[in-house]
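> Right, I'll just put the structure down here and ask away after.
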Amino acid sequence: MPHNDTEQELLPGQRAAVLVNEGPDFSFKIQSLDRPTVGPKEVLVELEVTGICGTDLALAAGYLGKPKSIIGHEGVGRIIAVGSASSSVAIGQRVGVGWLRDSCGSCRPCMLGGETRCQLQIFSGRMVEGTLATLTVVPERYIVPLPEDLSAEQLAPIMCAGVTAYKALKCSDASPGSWVAISGAAGGVGALAVQYAKAMGYRTIAIDGGEIPKQKCLDAGADIYLDYEKETDLKAAVTRETNGTLCSAAIVCAGSAPAYEAALTCVDYFGTLVGVGITPPTSKVAFHPLALIDTGIKIIGSMVGSRADILEAVEFVRRGLVTPKTVTIGLDELNQHIKKINEIDGKLVVRLSG
Ligand SMILES: [Zn+2]
Ligand SMILES: [Zn+2]
């Protein structure tokens with residue numbers, strides 16, 4: 001391991017997509033930058049690819065506070081240098097870099113096993129530079145080791161969208177074989193949620209709007225597609241399709257209050273509504289308490305997943321049960337494609353090196 005300065009100086013600088021004009025008209029400037037500094041207990045990762053997530057667009061648009069100049073949080077690469085006090089990681093190790101870049105391990109949420117709710121959590125592209133660069137720095141204690149037998153393009157979408165979909169289904173506690181509704185099913189998270197739901201033994205009702213989304217959802221393996229633009233009474237449509245049982249869980253991937261409100265009406269007694277879609281800051285979800293009191297329905301918010309959840313989600317891909325559909329571009333093509341991610345037939349993945 002190159003612990004000495006001479007070897008580390010031989011390592012390259014980086015190419016990065018630097019965010020310019022943060023706000024609704026954001027764009028990126030591809031620049032050569034210095035190699036980032038690696039602290040004693042950190043490692044330097046050379047990224048091969050990074051996926052693009054809807055949250056990246058929200059960050060760039062300034063909806064989630066001030067972003068860093070480099071965003072991105074679905075990175076896959078290899079450790080190429082380790083800090084002077086790092087001891088447990090090896091150069092060449094393949095790793096993933098997701099939304100959560102570090103957790104303290106000792107606050108109450110961490111002790112409860114919920115590292116994604118760590119009180120000192122560090123988010124990629126929001127508090128530290130993200131993965132739209134050839135190099136990034138990761139704390140040694142927060143490595144996500146990835147297997148060698150999948151392409152980087154297949155692994156990248158799991159780092160955020162895939163694990164978000166998988167964890168949402170996991171925490172729904174829906175009974176195997178029961179109906180699960182996926183609202184916003186044609187989006188980046190939604191299409192993977194449809195695949196994970198099927199792989200986990202659920203029957204799926206994909207909810208979205210339009211004919212192209214319909215095909216996307218059916219291609220992803222949805223049993224039923226419901227077009228919310230055509231169904232004036234979504235509950236009635238779900239009741240019809242499920243022979244009256246409704247859904248044991250609804251996963252709301254769409255970032256709109258009406259999507260949450262409509263999905264709640266599709267959940268059966270004692271079922272669960274799991275929200276991962278983020279509405280604009282001024283948009284509040286409204287429902288009457290009796291919608292919960294009368295039914296025993298639970299509402300849960302879920303956020304990405306722990307490192308263990310990521311590894312579980314990756315196993316579905318390794319076993320061929322989930323196959324992320326991806327479209328790969330070069331870093332120089334980023335400006336042409338990033339604002340069209342909802343029109344692209346698959347997850348947008350940016351090739352950074354290799
Ligand atoms: Zn994301
Ligand atoms: Zn913590």
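All residue names refer to the structure tokens as shown: chains lettered A, B, ... in order, residues numbered from 1 in each chain, ligands numbered from 1 in order.
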Can I get the residues close to ligand 1 as a compact mmCIF listing (two decimals) with N, CA, C and O atoms, in the first residue's frame, where close means within 6 Å and we count only C-alpha atoms and all ligand atoms?


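Just written: result-v4.txt:
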# COMPACT_ATOMS: atom_id res chain seq x y z
N CYS A 53 -29.40 10.53 -10.35
CA CYS A 53 -30.62 10.32 -9.58
C CYS A 53 -31.43 11.62 -9.60
O CYS A 53 -30.87 12.70 -9.77
N THR A 55 -32.58 13.17 -7.22
CA THR A 55 -32.12 14.05 -6.15
C THR A 55 -30.97 14.95 -6.63
O THR A 55 -30.80 16.06 -6.14
N CYS A 160 -28.22 4.11 -5.04
CA CYS A 160 -29.27 4.97 -4.47
C CYS A 160 -30.65 4.46 -4.86
O CYS A 160 -31.41 4.01 -4.03
N ALA A 161 -30.98 4.50 -6.17
CA ALA A 161 -32.34 4.15 -6.60
C ALA A 161 -32.70 2.72 -6.19
O ALA A 161 -33.78 2.48 -5.65

> Could you list, as a compact mmCIF listing (two decimals) with C-alpha atoms, in the first residue's frame, all protein and nucleic acid residues with an atom at most 9 Å from ligand 2, counting only C-alpha atoms and all ligand atoms?


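As a result, result_26.txt now contains:
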# COMPACT_ATOMS: atom_id res chain seq x y z
CA ASP A 102 -20.41 8.70 6.52
CA SER A 103 -22.21 7.98 9.78
CA CYS A 104 -20.87 8.32 13.30
CA GLY A 105 -21.81 4.85 14.56
CA SER A 106 -22.41 6.15 18.07
CA CYS A 107 -25.45 8.50 18.06
CA ARG A 108 -28.80 7.08 19.15
CA PRO A 109 -30.15 6.42 15.59
CA CYS A 110 -26.84 4.72 14.70
CA MET A 111 -27.02 2.60 17.85
CA GLY A 114 -30.48 3.23 11.55
CA GLU A 115 -27.31 4.68 10.07
CA THR A 116 -29.33 6.51 7.39
CA ARG A 117 -30.79 8.63 10.23
CA CYS A 118 -27.39 9.33 11.84
CA GLN A 119 -27.46 12.73 13.52
CA LEU A 120 -24.05 13.52 12.00
CA GLN A 121 -24.81 12.02 8.60

> Using only C-alpha atoms, which of A:Leu321, A:Leu19, A:Leu135, A:Leu246 sits nearest A:Gly221?

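Closest to A:Gly221 of all the choices is A:Leu321.
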
> Please report, as a PyMOL selection string, each residue of stretch 78-273 of chain A to which DSSP assigns helix (DSSP H, G or I) when run on this structure's backbone.

chain A and resi 108-111+115-117+140-142+152-159+161-170+188-199+211-219+234-241+257-264

> Report as CSV the residues of stretch 135-196 of chain A within 6 Å of stretch 34-51 of chain A, each with its shortest atom pair and distance in Å (one decimal), using only C-alpha atoms, ordered by chain and increasing residue number.


residue,atom,partner,partner_atom,distance
A:Leu135,CA,A:Glu46,CA,4.6
A:Thr136,CA,A:Val45,CA,5.3
A:Val137,CA,A:Leu44,CA,4.7
A:Val138,CA,A:Val43,CA,5.4
A:Pro139,CA,A:Glu42,CA,4.3
A:Glu140,CA,A:Glu42,CA,4.9
A:Ala156,CA,A:Gly51,CA,5.5
A:Pro157,CA,A:Gly51,CA,5.7

> One decimal, Å: what's the distance from atom CA of A:Ser302 over to atom CA of A:Ala174, could you say?

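Atom CA of A:Ala174 lies at a distance of 14.8 Å from atom CA of A:Ser302.
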
> Go through A:Leu33, A:Phe123, A:Cys171, A:Asp223 one by one, measure the shortest atom-to-atom distance of each to A:Gly65 using only C-alpha atoms, and give the residue with the smallest value.

A:Phe123

> Here is a test: counting only C-alpha atoms, which residue of A:Ala237, A:Ala133, A:Val144, A:Met127 is nearest to A:Glu312?

A:Val144

> Can you pull out every residue within 6 Å of A:Gly72, counting only C-alpha atoms, but drop anything in the same chain fewer than 6 positions away, and send it as a VMD selection string?

chain A and resid 125 130 to 132

> In Å to one decimal, how far is atom CA of A:Ala168 from atom CA of A:Ala286?

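It comes out at 21.2 Å.
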
> Rank A:Gly244, A:Ala17, A:Thr134, A:Arg94 by their smallest atom-to-atom distance to A:Ser69, using only C-alpha atoms, and report the top residue only.

A:Ala17

> Within stretch 152-299 of chain A, find each residue whose DSSP state, derived from the backbone, is strand (DSSP E or B), and express the selection as a VMD selection string.

chain A and resid 179 to 183 203 to 208 224 to 227 247 to 252 267 to 275 298 to 299

> Could you check the closest approach to A:Ile251 for each of A:Gln336, A:Thr326, A:Thr204, A:Gln14 and tell me which residue wins, using only C-alpha atoms?

A:Thr204

> Let me make sure I understand: among A:Tyr142, A:Val317, A:Ala250, A:Ala60, which one has the smallest atom-to-atom distance to A:Ser88 if we use only C-alpha atoms?

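Residue with the minimum atom-to-atom distance to A:Ser88: A:Tyr142.
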
> If you measure from atom CA of A:Leu331 to atom CA of A:Pro147, what distance in Å do you get, rounded to one decimal?

24.5 Å

> Fewer than 4 positions away in the same chain doesn't count, so skip those; otherwise give me all residues within 12 Å of A:Ile212, counting only C-alpha atoms, as an MDAnalysis selection string.

chainID A and resid 185:187 208 216:219 225 227 342:345

> Could you save those same residues with C-alpha atoms as an mmCIF file, in the first residue's frame?


data_model
loop_
_atom_site.group_PDB
_atom_site.id
_atom_site.type_symbol
_atom_site.label_atom_id
_atom_site.label_comp_id
_atom_site.auth_asym_id
_atom_site.auth_seq_id
_atom_site.Cartn_x
_atom_site.Cartn_y
_atom_site.Cartn_z
ATOM 1 C CA ALA A 185 -43.569 3.345 -11.130
ATOM 2 C CA ALA A 186 -41.949 4.494 -14.384
ATOM 3 C CA GLY A 187 -39.324 6.689 -12.682
ATOM 4 C CA ASP A 208 -48.078 6.261 -13.455
ATOM 5 C CA LYS A 216 -41.757 0.851 -19.051
ATOM 6 C CA CYS A 217 -43.740 -0.576 -16.120
ATOM 7 C CA LEU A 218 -44.852 -3.683 -18.005
ATOM 8 C CA ASP A 219 -41.259 -4.218 -19.224
ATOM 9 C CA TYR A 225 -50.648 -0.873 -14.890
ATOM 10 C CA ASP A 227 -52.920 5.283 -15.487
ATOM 11 C CA ASN A 342 -37.352 11.144 -16.995
ATOM 12 C CA GLU A 343 -37.551 10.740 -20.791
ATOM 13 C CA ILE A 344 -34.642 8.297 -21.019
ATOM 14 C CA ASP A 345 -35.560 4.616 -21.228
#
